[in-house]
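Coordinates as given in start.cif (mmCIF, C-alpha atoms):
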data_start
#
loop_
_atom_site.label_atom_id
_atom_site.label_comp_id
_atom_site.auth_asym_id
_atom_site.auth_seq_id
_atom_site.Cartn_x
_atom_site.Cartn_y
_atom_site.Cartn_z
CA MET A 1 89.74 100.84 120.04
CA ASP A 2 89.93 104.62 120.36
CA SER A 3 92.08 106.72 118.08
CA ILE A 4 94.59 107.65 120.80
CA THR A 5 95.41 103.98 121.53
CA LEU A 6 95.59 103.32 117.79
CA ASN A 7 97.96 106.27 117.33
CA ILE A 8 100.15 105.02 120.18
CA LEU A 9 100.33 101.55 118.58
CA GLY A 10 101.21 103.19 115.25
CA LEU A 11 103.89 105.36 116.86
CA ILE A 12 105.49 102.31 118.54
CA ALA A 13 105.34 100.40 115.22
CA GLY A 14 106.79 103.41 113.40
CA ALA A 15 109.53 103.88 115.98
CA ILE A 16 110.64 100.24 115.64
CA THR A 17 110.60 100.16 111.81
CA SER A 18 112.42 103.51 111.81
CA ILE A 19 115.18 102.47 114.21
CA GLY A 20 115.51 99.25 112.15
CA PHE A 21 117.79 101.08 109.75
CA ILE A 22 120.04 102.53 112.46
CA PRO A 23 122.05 99.28 113.09
CA GLN A 24 122.63 99.02 109.33
CA LEU A 25 123.87 102.61 109.20
CA ILE A 26 126.13 102.02 112.23
CA ARG A 27 127.50 98.80 110.73
CA GLY A 28 128.20 100.52 107.41
CA TYR A 29 129.83 103.47 109.15
CA ARG A 30 132.02 101.23 111.32
CA THR A 31 133.12 98.73 108.68
CA LYS A 32 133.28 101.40 105.92
CA LYS A 33 131.93 98.68 103.66
CA LEU A 34 128.48 98.24 102.18
CA ASP A 35 129.31 95.97 99.23
CA ASP A 36 126.56 93.49 100.02
CA VAL A 37 123.84 96.10 100.33
CA SER A 38 121.88 96.70 97.14
CA TYR A 39 121.40 100.34 96.02
CA TYR A 40 117.89 99.46 94.92
CA MET A 41 116.73 98.60 98.44
CA PRO A 42 117.10 102.06 100.07
CA THR A 43 116.14 103.78 96.79
CA LEU A 44 112.86 101.88 96.36
CA LEU A 45 112.12 102.16 100.08
CA ALA A 46 112.65 105.94 99.99
CA VAL A 47 110.28 106.27 97.00
CA GLY A 48 107.67 104.05 98.68
CA MET A 49 108.03 105.90 101.98
CA SER A 50 107.43 109.24 100.24
CA LEU A 51 104.11 107.80 98.98
CA TRP A 52 103.31 106.48 102.48
CA PHE A 53 104.04 110.01 103.68
CA GLY A 54 101.40 111.30 101.24
CA TYR A 55 99.01 108.58 102.43
CA GLY A 56 99.63 109.63 106.03
CA ILE A 57 98.96 113.30 105.19
CA LEU A 58 95.74 112.50 103.32
CA SER A 59 94.43 110.19 106.03
CA SER A 60 95.70 112.46 108.87
CA ALA A 61 97.61 109.53 110.40
CA ILE A 62 100.38 111.10 112.48
CA PRO A 63 102.33 107.83 113.12
CA ILE A 64 102.52 107.11 109.37
CA ILE A 65 103.76 110.63 108.66
CA VAL A 66 106.41 110.59 111.40
CA ALA A 67 107.67 107.04 110.70
CA ASN A 68 108.05 107.65 106.98
CA VAL A 69 109.81 111.00 107.27
CA PHE A 70 112.34 109.38 109.61
CA GLY A 71 112.56 106.29 107.38
CA MET A 72 113.24 108.40 104.30
CA GLY A 73 116.08 110.12 106.18
CA CYS A 74 117.57 106.73 107.07
CA CYS A 75 117.33 105.44 103.48
CA VAL A 76 118.95 108.57 102.07
CA SER A 77 121.73 108.24 104.70
CA LEU A 78 122.27 104.60 103.66
CA ILE A 79 122.52 105.61 99.99
CA ILE A 80 125.07 108.32 100.87
CA LEU A 81 127.12 105.90 103.05
CA LYS A 82 127.16 103.30 100.28
CA ARG A 83 128.17 105.94 97.74
CA LEU A 84 131.04 106.98 100.02
CA TYR A 85 132.32 103.52 100.98
CA SER A 86 131.24 100.99 98.36
CA PRO A 87 130.27 102.87 95.18
CA MET B 1 89.87 112.46 98.80
CA ASP B 2 87.63 109.38 98.88
CA SER B 3 88.69 106.17 100.59
CA ILE B 4 89.11 104.23 97.32
CA THR B 5 91.67 106.72 95.98
CA LEU B 6 93.39 106.70 99.36
CA ASN B 7 93.50 102.90 99.36
CA ILE B 8 94.96 102.89 95.84
CA LEU B 9 97.68 105.35 96.91
CA GLY B 10 98.40 103.16 99.94
CA LEU B 11 98.55 100.00 97.84
CA ILE B 12 101.01 101.62 95.40
CA ALA B 13 103.11 102.86 98.35
CA GLY B 14 102.93 99.42 99.95
CA ALA B 15 103.85 97.68 96.70
CA ILE B 16 106.97 99.85 96.28
CA THR B 17 108.18 99.51 99.89
CA SER B 18 107.50 95.77 99.69
CA ILE B 19 109.41 95.18 96.43
CA GLY B 20 112.22 97.32 97.91
CA PHE B 21 113.56 94.23 99.67
CA ILE B 22 113.49 92.03 96.57
CA PRO B 23 116.71 93.45 94.99
CA GLN B 24 118.48 92.88 98.31
CA LEU B 25 117.27 89.28 98.43
CA ILE B 26 118.32 88.71 94.80
CA ARG B 27 121.74 90.27 95.42
CA GLY B 28 122.27 88.15 98.50
CA TYR B 29 121.13 85.01 96.69
CA ARG B 30 123.41 85.70 93.71
CA THR B 31 126.55 86.72 95.56
CA LYS B 32 125.92 84.22 98.42
CA LYS B 33 127.30 86.92 100.67
CA LEU B 34 125.49 89.18 103.12
CA ASP B 35 128.41 90.15 105.38
CA ASP B 36 127.64 93.87 105.22
CA VAL B 37 123.96 93.46 106.08
CA SER B 38 123.17 93.84 109.77
CA TYR B 39 120.99 91.13 111.36
CA TYR B 40 119.31 93.83 113.43
CA MET B 41 117.85 95.58 110.37
CA PRO B 42 115.52 92.80 109.11
CA THR B 43 114.82 91.67 112.69
CA LEU B 44 113.70 95.08 113.93
CA LEU B 45 111.81 95.73 110.68
CA ALA B 46 109.95 92.41 111.01
CA VAL B 47 108.95 93.25 114.61
CA GLY B 48 107.86 96.76 113.61
CA MET B 49 105.95 95.44 110.59
CA SER B 50 104.06 92.97 112.79
CA LEU B 51 102.90 95.96 114.88
CA TRP B 52 102.00 97.87 111.68
CA PHE B 53 100.02 94.79 110.71
CA GLY B 54 98.07 95.07 113.98
CA TYR B 55 97.59 98.80 113.33
CA GLY B 56 96.26 97.98 109.85
CA ILE B 57 93.84 95.41 111.24
CA LEU B 58 92.55 97.76 113.96
CA SER B 59 92.13 100.69 111.56
CA SER B 60 90.80 98.44 108.74
CA ALA B 61 93.47 99.78 106.37
CA ILE B 62 93.91 97.10 103.69
CA PRO B 63 97.09 98.58 102.13
CA ILE B 64 98.84 98.63 105.51
CA ILE B 65 97.86 95.01 106.17
CA VAL B 66 98.98 93.75 102.73
CA ALA B 67 102.25 95.71 102.62
CA ASN B 68 103.33 94.61 106.07
CA VAL B 69 102.52 90.92 105.61
CA PHE B 70 104.62 90.93 102.43
CA GLY B 71 107.33 93.00 104.10
CA MET B 72 107.54 90.58 107.03
CA GLY B 73 107.99 87.72 104.55
CA CYS B 74 110.85 89.59 102.87
CA CYS B 75 112.57 90.37 106.19
CA VAL B 76 112.32 86.76 107.35
CA SER B 77 113.74 85.63 103.97
CA LEU B 78 116.64 88.06 104.37
CA ILE B 79 117.36 86.72 107.86
CA ILE B 80 117.32 83.13 106.51
CA LEU B 81 119.60 84.03 103.56
CA LYS B 82 122.08 85.77 105.87
CA ARG B 83 122.03 82.81 108.24
CA LEU B 84 122.80 80.50 105.29
CA TYR B 85 125.51 82.56 103.61
CA SER B 86 127.07 84.91 106.16
CA PRO B 87 126.20 83.64 109.65
#
Could you render the structure from this file as structure tokens?
Amino acid sequence: MDSITLNILGLIAGAITSIGFIPQLIRGYRTKKLDDVSYYMPTLLAVGMSLWFGYGILSSAIPIIVANVFGMGCCVSLIILKRLYSP
Amino acid sequence: MDSITLNILGLIAGAITSIGFIPQLIRGYRTKKLDDVSYYMPTLLAVGMSLWFGYGILSSAIPIIVANVFGMGCCVSLIILKRLYSP
């Protein structure tokens, strides 16, 4: 398996895990309610993703870097939405 | 940066992103309510994590394999809990 194919697989994987948070953000934005979502989930995920970001930098793995930067943005957005609607 | 240090960083990152779902599972189990959680989030994440799992296998990255197997388990649990409590 060459590194280009591997990077493409990683980018597809990263794209799917990244867009995974979008429906949750849309649902929260539409219903203006995030009571059942735990604060700890996006907080821990954002911390973990920042470490994955470091791992991606150190191992020069572009898909890991891209997916985790996007993921961190989604987690921070979810925290802000929950703070606004269901603090 | 040697590969052992890199693997340790990855395992810490993977441990944190994996336990990130635990508070959500506990909250859902306690409140018996997951109305505000979108089905699409754990579903898309589980699909993406299965691809990350393949990426981990192909690039022989143990932390990526471990974190994503655990993460898939958490996502499937969240889907089951939501199906039970807030279908």
- Task: Evaluate the PyMOL selection byres ((chain A) within 8 of (chain B)) here and jot the selected residues down as a PyMOL selection string.
- Result: chain A and resi 1+6+9-10+12-24+27-28+33-38+40-52+55+58-59
- Tell me, in Å to one decimal, how far CA of Ile80 (chain A) is from CA of Leu78 (chain B).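 Between these atoms lies a distance of 22.2 Å.
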- Message: Just to confirm, what's the straight-line distance from CA of Lys82 (chain A) to CA of Arg30 (chain B) in Å (one decimal)?
- Response: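 According to the coordinates, CA of Lys82 (chain A) and CA of Arg30 (chain B) are separated by 19.2 Å.
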- Query: So how many Å separate CA of Arg83 (chain A) and CA of Ser86 (chain B), to one decimal?
  - Reply: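 So the answer is 22.7 Å.
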